[in-house]
Amino acid sequence: MKKIKRKIALYLSKLTSKKVDEIYLSISKPKGGQADLCSTISFLLAKERKTQPAQIAKELEAQLKGKIKELDIKAEGPYLNFYFNKNFFTSLLKKGWKFSKKKKTIMVEYPSVNPNKPWHVGHLRNALLGDSIANLYSFYGFNVLKLDYIDDLGLQIAQSFWGFKNLAADFKAYKNKFDHFVGIQYVQVAKKFQEKEVEEQVRQILKQMEQGIQPTSSQVKEFVYKVLKEQYKTAYNFNIFHNLIVFESDIISSIFKDGVEKIKSSSILKFQPTGQNANCWVIDLSSEKDFANLTQPQKVVIRSDGTATYIAKDIAFQLWKFGLLEDKFFYKEFDCQPNKEIVFMTCSSGKKMKFPAAAIVVNVIGTEQTYLQKIIRFCLSEMGYKKQAKNYIHLSYEHVTLADKKFSGREGSWIAQNGQLGYSADELLDECIKVALSNIKKELSIEKREEVAKAVAINAIKFWFLKTSPNQKIIFDFSRALSLNGDSGPYLLYSFVRAKNILKKAELKPKLFSDYEFNNFEKEFLAQAAFFEEILEHCIKNFEIHPLCSYSLELAEKFNRFYDNCPVLQSDTKTMQMRLYIVDFYCKLIESIFNIIGFVVVEEM
RNA sequence: GGGCCUGUAGCUCAACUUGGAUAGAGCGUCUGGCUUCGGACCAGAAGGUUGCGGGUUCAAAUCCUGCCAGGCCCGCCA
């Protein structure tokens with residue numbers, strides 16, 4: 001698409017006073033679908049030529065006609081419209097797309113859930129966003145590393161650990177999963193925490209965790225590991241995989257010191273001998289326009305007792321990602337994932353590994369942390385890492401909420417109540433599988449039907465979350481999430497299944513004929529397919545996935561129309577082979593998209 | 001006080017970064033289509049003051065500006 005647009009722009013620039021780039025920008029796909037491509041250059045020229053735009057369009061049409069062999073050109077009103085022709089379509093079908101391998105590494109961090117609860121539907125949104133962005137970049141040729149950051153030193157963990165040690169376990173967790181068990185118990189702990197005595201005990205645990213005092217420290221690590229294992233079962237069920245898990249405790253014990261030295265040695269960090277923040281190391285934000293009118297323009301990085309705030313830890317971690325700190329982590333295997341890839345984790349003693357430095361860092365974090373993320377980017381920039389600051393991406397998303405309240409671990413609002421369904425990712429998936437199962441064709445074996453139902457359910461949920469823009473708040477509604485019709489994952493999957501079916505039944509091989517006359521259904525489908533690269537690059541540039549979702553819906557819709565109106569197997573040999581080629585082309589294209597948005601691909605449903 | 005995000009059909013959303021033709025989908029409502037490659041589909045109808053006002057422009061949902069409504073944030077918590 002870029003090529004053909006550039007070609008148009010080149011020709012037009014020769015005919016007019018306008019530069020190629022300016023003309024290139026004037027070319028786009030008309031939203032009303034009046035043509036395949038359209039240039040609004042006539043409007044730009046109308047002023048200087050003092051002529052009607054329609055007149056100019058007509059002149060350009062006459063001068064351009066027949067010059068570009070892939071396009072038919074027509075002036076329609078003031079618009080210069082372009083229509084893809086036979087040459088364009090056969091070339092598209094023949095070449096498809098190839099994306100070159102890039103040398104750059106991108107690190108994507110998600111979902112970084114506290115290890116004291118199961119994933120609820122909000123965490124799932126985070127994970128799906130991160131995973132699809134990682135797939136997108138990987139498809140485009142980047143080297144991708146998927147990270148998960150686990151805060152194993154927080155107050156919440158100390159609380160949950162206290163509960164695990166001191167409270168009776170007389171309740172049943174969903175499917176006996178330990179993460180659910182801990183999550184439910186946390187509601188009790190949060191209440192108990194109001195008692196002074198309990199709070200003191202929890203604080204004591206927290207202190208021991210931070211200072212690595214045994215046996216508490218090891219016991220907490222064991223506890224965290226157990227919860228994490230269960231959380232990862234959920235991830236695997238959704239086909240979400242990682243490369244590396246980084247624990248906060250390991251950051252503290254390895255790279256953190258170097259990180260702080262690095263920040264201190266840059267001029268941004270200042271020691272405050274007196275005043276409100278006496279004996280703290282702070283960053284002064286007051287000079288920055290972005291941080292105008294803060295109630296507190298000084299941000300504390302090192303507390304007066306010498307310990308570090310979240311900001312310091314995070315900067316150290318981000319510096320490590322960009323390869324700006326010596327890698328003092330030790331690593332070992334956490335698990336071999338169902339995709340056969342090993343996910344590693346940091347640890348206090350293990351082996352040394354070498355991960356490539358990131359050129360781009362993407363962190364999927366809720367929108368409420370925008371301010372903090374801005375500070376971190378500001379610090380990177382002020383420390384002299386301008387390029388890294390620019391490539392430090394906070395992929396922010398709005399939260400998934402309930403109609404009347406927010407999800408709260410403390411209140412346990414994600415937990416099933418009075419026999420009602422809860423809002424954990426596990427329950428959502430199980431429920432969706434039930435709905436999917438009742439729709440699957442009966443001829444399949446029981447095992448096959450269960451496998452397919454799971455795939456349909458995963459795809460339905462993923463698509464439902466990913467199709468809306470991340471800064472749109474999602475009010476969670478089971479009936480919508482479980483929908484299998486309309487603008488949905490199953491709609492896409494169904495079009496693929498039908499296409500595959502044709503290919504399976506065909507007795508002839510697909511074949512491309514360069515003299516084939518395309519009908520309108522074929523043309524409309526192929527014209528839509530032609531924009532794949534453009535959409536993909538738009539998503540890459542903006543770290544977005546939802547435009548690819550709406551694109552794939554339109555593509556499937558065009559294919560379905562073709563399917564309904566253009567018989568393949570009943571046609572004459574040439575038409576059949578050519579249409580088989582088109583069907584095969586669709587299968588490959590939509591399968592690429594499936595891989596990006598993280599669908600589980602099945603060929604029957 | 002300031003910053004970020006949101007406001008589009010009855011409902012859920014897309015299009016805004018890059019201004020362009022009749023503002024697109026799905027759900028719901030109504031009408032039609034299986035002796036035909038799988039009906040989880042297709043064809044059609046109804047449904048809009050793009051929160052409100054002003055400005056820029058040949059052209060504004062889109063850019064600028066002033067309001068209104070809702071959410072989030074501005075800690076020696078993370």
# chains A, B, ... in the order shown; residues from 1 in each chain; ligands from 1
$ interface_residues --of "chain B" --to "chain A" --cutoff "10 Å" --atoms "only C-alpha atoms (C1' of nucleotides)" --output "MDAnalysis selection string"
chainID B and resid 1:6 12:15 17:18 20:27 36:38 40:42 58:59 71:78
$ select_by_dssp --residues "stretch 240-320 of chain A" --states "strand (DSSP E or B)" --output "PyMOL selection string"
chain A and resi 244-247+269-272+280-284+298-302+308
$ write_last_selection --atoms "C-alpha atoms" --output "short mmCIF file (atom, residue, chain, number, x, y, z; two decimals), in the first residue's frame"
data_model
loop_
_atom_site.label_atom_id
_atom_site.label_comp_id
_atom_site.auth_asym_id
_atom_site.auth_seq_id
_atom_site.Cartn_x
_atom_site.Cartn_y
_atom_site.Cartn_z
CA LEU A 244 11.21 -13.69 32.50
CA ILE A 245 9.77 -13.02 35.93
CA VAL A 246 11.58 -10.39 37.96
CA PHE A 247 11.05 -10.23 41.71
CA LEU A 269 18.77 14.01 42.74
CA LYS A 270 19.30 16.53 45.52
CA PHE A 271 19.83 16.02 49.20
CA GLN A 272 17.59 18.12 51.44
CA CYS A 280 15.70 12.92 52.00
CA TRP A 281 17.04 12.72 48.48
CA VAL A 282 14.50 14.34 46.21
CA ILE A 283 13.82 15.24 42.62
CA ASP A 284 12.60 18.76 42.05
CA GLN A 298 9.56 17.68 45.41
CA LYS A 299 9.37 13.95 44.87
CA VAL A 300 11.15 11.86 47.49
CA VAL A 301 13.36 9.16 46.04
CA ILE A 302 15.41 8.14 49.06
CA ALA A 308 14.17 3.71 48.73
#
$ select_by_dssp --residues "stretch 148-363 of chain A" --states "alpha helix (DSSP H)" --output "count of residues only"
93
$ residues_around --residues "A:Asn237" --least-positions-apart "6" --cutoff "9 Å" --atoms "only C-alpha atoms (C1' of nucleotides)" --output "PyMOL selection string"
chain A and resi 426+429+454+458
$ write_last_selection --atoms "N, CA and C atoms" --output "short mmCIF file (atom, residue, chain, number, x, y, z; two decimals), in the first residue's frame"
data_model
loop_
_atom_site.label_atom_id
_atom_site.label_comp_id
_atom_site.auth_asym_id
_atom_site.auth_seq_id
_atom_site.Cartn_x
_atom_site.Cartn_y
_atom_site.Cartn_z
N ASP A 426 -10.39 -17.05 35.93
CA ASP A 426 -10.67 -18.49 35.84
C ASP A 426 -12.16 -18.77 35.68
N LEU A 429 -13.53 -17.73 32.27
CA LEU A 429 -13.20 -18.69 31.22
C LEU A 429 -14.09 -19.94 31.31
N LYS A 454 -13.02 -24.62 24.44
CA LYS A 454 -12.04 -23.81 25.16
C LYS A 454 -11.44 -22.76 24.23
N ILE A 458 -11.79 -18.76 24.79
CA ILE A 458 -10.62 -17.90 24.92
C ILE A 458 -10.67 -16.78 23.88
#
